[in-house]
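Asker: Mind looking over this structure? Questions follow.
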Amino acid sequence: MTGAGMQAWILPLIPAVPLVMACGLLIWPRQRFLIAFAPWAALSGLICSVAVTPSLALDLPWLLLGARLGIDQTAQVFLAFTSLLWLTAGVFATGSLKDDENKTRFFIFFLLAMAGNLGLVVAQDMLSFYVFFALMSFSSYGLIVHSRTAEAQRAGRVYIIMVVAGELLLFAALVMAAQAAGSVLFADVRPTLANAPTQNWIVVLALTGFGIKLGVLGLHVWLPLAHPVAPTPASAVLSGAMIKAGLLGWLKLLPLGADTMPIEWSVLLMGVGVLAVFYAAVVGVTQQNPKTVLAYSSVSQMGLVTVAVGLGIALPQRWPEILATILFLALHHALAKSALFLGVGVARSHLTTKWHRWCVALGLVLPALALAGAPFTGGSLVKELLGAEAGFLLAPWSNTLKLLLSWSVVATVLLMARFLYLTWPRAAAADTPATYSMSIPWAVLIATLLLAPFYAGPDSADLVWSLSTVLSSLSTLALAIAGTVVGAWIFAKISRHRLPLPPAGDLVVVAEWATCFVLKAVDHAVRHLDRRQRRGATQIKAGWARLRWPLAFDYAMDLAWSTASLLFLLMGLVFILAIAI
């Protein structure tokens, strides 16, 4: 067997190792050594991302309908930061959850979600990608509802509804793409999809289905509900690694780089992305939970990712450069956001001395500055790369987009200032001290984040250190700090007058209010009918008695679930009719 063949057989181990360990915990739940070694199940993926040559593939004709696992340059970047995040978050979990009586259950779901996340990165065919994507999505439910509180159950219900919707849309998109290409391999689908008559159907289904996982504006409602209730290491991988699966799905399926995609898709994505950057900042700075603030920060940063994908559609001739920008943006956000989430867990532990508190404060400030685009960080490199690509658009759109991208730094600084205010380490924050298993993986993520611009390539390192980049970052950061001061003054005025603030989940809360309003109106109508026809309406009134105001949230969500299921069935019928036509 050749060296390449031996390397290829490492690929199945990437998802298989965590999957086998999860099965082991199911069979022997009291084996502590399995929990101790659970985080290291991601080590095979990290080693493969560094040691295995890109353009490696392995066909498994006996698996499903014929699976193909492989690593290209895009998968290599995703596999590197995804494996690192699962490894560091897992080690952190062994320390932060050591006294949790349900830690075995947590690690079972943790390993299953890890297997799905790592598996979809190396999947090169649509069927295995869909299976791994579904495994990751449904296993994440167990991480979100781990605490079993009322808030966790509510977040889990909203999340699972969104997951079911996304899975249905993705299934429809992948089946239509496979039918158009006559193959289930992504390498065959992308060139065929560029000229397929059903291209627009597939694109809208893929953008929506993967957009739910990515947290695109309007589909983001599960994020600010899930992060505050999930354990800290689960939040780190949810925001750092798992939402990037939506971006990877876009990159694998959509014919990006082809000049056949309508420009309307570019306008839509860039418009939604820019709106998400500022909308998430406005809602996020009003939140009281630091993890909720970070959730809205993820929505804002994924707005930048959406803008970059829109640029790729508008400038197909620049796609290789835009793809490199998207990959570095995904890498930078994954490291920064995971470091911030783990920092919340460390800051909430018992810090015995002032020296410890200042060290933790520095560990929180550094990734916050990197995310905001401070000089000599990956954030400044991302801003320069996105601005350079936006310059290739036709005037006046290029100048407008570059201006909006500059103002996006203000939105990020506002969110990071609010986060630091809520998270700043204080004495006696908790009785549990921060252990080495919590501090070391957090420090590793921060160090990797600070070094990211330099191992991105010599050109990137030169750009970070260039005088123009430093001056641009300093001027933008100064503007952002001034905007933050103004925003803090406005927020103080609003708080003084006790005006209503946007709740976490924003749009889903509006949907709940609308559902309760409709049900209240129906209840009123039934009671009015009962007064007019008391004898004939007795049974109707008894059936609607449980709907009287105020309604229990559980029942309202059950009704919403039934309505959503009916809508999914209708969408499935439309999908079947579309294929038949």
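Letters A, B, ... mark the chains of the structure tokens in the order given; residue numbers begin at 1 per chain; ligand numbers begin at 1, in order shown.
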Within 9 Å of stretch 97-112 of chain A, counting only C-alpha atoms, which residues show up once you throw out same-chain ones fewer than 5 positions away? Write them as a count of residues only, please.
Answerer: 31
Asker: As a PyMOL selection string, please: every residue in stretch 229-466 of chain A that a backbone DSSP assignment puts in alpha helix (DSSP H).
Answerer: chain A and resi 229+232-237+244-253+263-284+290-314+319-347+354-372+378-390+397-423+436-455+458-465
Asker: Might you pull out every residue within 10 Å of A:Phe392, with only C-alpha atoms counted and same-chain residues fewer than 4 positions away left off, and present them as a PyMOL selection string?
Answerer: chain A and resi 311+314-315+318+387-388+397-399
Asker: Using only C-alpha atoms, which protein or nucleic acid residues come within 12 Å of stretch 354-360 of chain A? Drop anything in the same chain fewer than 3 positions from it, and give the result as a PyMOL selection string.
Answerer: chain A and resi 339-340+342-351+363-367+420+423-429+433-434+438-439+442-443+446
Asker: Taking into account only C-alpha atoms, which residue in the set A:Ser466, A:Ser183, A:Gln317, A:Gln153 is nearest to A:Glu384?
Answerer: A:Ser466
Asker: Which of these, A:Leu85, A:Ala330, A:Val267, A:Ala308, has the shortest distance to A:Met114 once you count only C-alpha atoms?
Answerer: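 Ranking A:Leu85, A:Ala330, A:Val267, A:Ala308 by distance to A:Met114, first place goes to A:Leu85.
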Asker: If we count only C-alpha atoms, what is near A:Ile326 at a cut-off of 10 Å, once residues fewer than 6 positions away on the same chain are taken out, given as a PDB file with C-alpha atoms, in the first residue's frame?
Answerer:
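Now in selection.pdb:
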```pdb
ATOM      1  CA  THR A  74     -11.150  24.090   2.413  1.00  0.00           C
ATOM      2  CA  LEU A 247     -20.912  27.931   5.907  1.00  0.00           C
ATOM      3  CA  LEU A 251     -19.048  26.204   0.082  1.00  0.00           C
ATOM      4  CA  LEU A 304     -19.787  39.423   7.652  1.00  0.00           C
ATOM      5  CA  VAL A 305     -19.513  35.839   6.417  1.00  0.00           C
ATOM      6  CA  THR A 306     -22.775  36.287   4.501  1.00  0.00           C
ATOM      7  CA  VAL A 307     -21.432  39.488   2.947  1.00  0.00           C
ATOM      8  CA  ALA A 308     -18.263  37.648   1.870  1.00  0.00           C
ATOM      9  CA  VAL A 309     -20.289  34.881   0.198  1.00  0.00           C
ATOM     10  CA  GLY A 312     -18.123  35.695  -4.171  1.00  0.00           C
ATOM     11  CA  PRO A 320     -10.022  32.158  -5.074  1.00  0.00           C
ATOM     12  CA  HIS A 332     -10.473  33.795  13.289  1.00  0.00           C
ATOM     13  CA  VAL A 382     -10.086  40.326   8.068  1.00  0.00           C
ATOM     14  CA  LEU A 385      -9.129  41.647   3.146  1.00  0.00           C
ATOM     15  CA  LEU A 386     -12.889  42.239   3.035  1.00  0.00           C
TER      16      LEU A 386
END
```
Asker: Within 7 Å of A:Val158, counting only C-alpha atoms, which residues qualify if same-chain residues fewer than 4 places away don't, as a PDB file with N, CA, C and O atoms, in the first residue's frame?
Answerer:
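This went into out14.pdb:
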```pdb
ATOM      1  N   ARG A 154     -37.165  25.372  27.074  1.00  0.00           N
ATOM      2  CA  ARG A 154     -37.705  26.278  26.067  1.00  0.00           C
ATOM      3  C   ARG A 154     -36.715  26.453  24.914  1.00  0.00           C
ATOM      4  O   ARG A 154     -37.090  26.381  23.740  1.00  0.00           O
ATOM      5  N   MET A 162     -36.280  24.436  14.749  1.00  0.00           N
ATOM      6  CA  MET A 162     -35.423  24.979  13.694  1.00  0.00           C
ATOM      7  C   MET A 162     -34.604  23.884  13.023  1.00  0.00           C
ATOM      8  O   MET A 162     -34.399  23.901  11.799  1.00  0.00           O
ATOM      9  N   TRP A 222     -32.531  30.716  17.522  1.00  0.00           N
ATOM     10  CA  TRP A 222     -32.150  29.686  18.470  1.00  0.00           C
ATOM     11  C   TRP A 222     -30.855  30.017  19.199  1.00  0.00           C
ATOM     12  O   TRP A 222     -30.629  29.569  20.327  1.00  0.00           O
TER      13      TRP A 222
END
```
Asker: Which residue, A:Ala336, A:Val164, A:Ile440, A:Leu422, has the smallest gap to A:Ala452 when you use only C-alpha atoms?
Answerer: A:Ala336
Asker: Smallest atom-to-atom distance to A:Trp319: which of A:Pro255, A:Pro375, A:Gly303, A:Pro54, using only C-alpha atoms?
Answerer: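 Ranked by minimum distance to A:Trp319, first place goes to A:Pro255.
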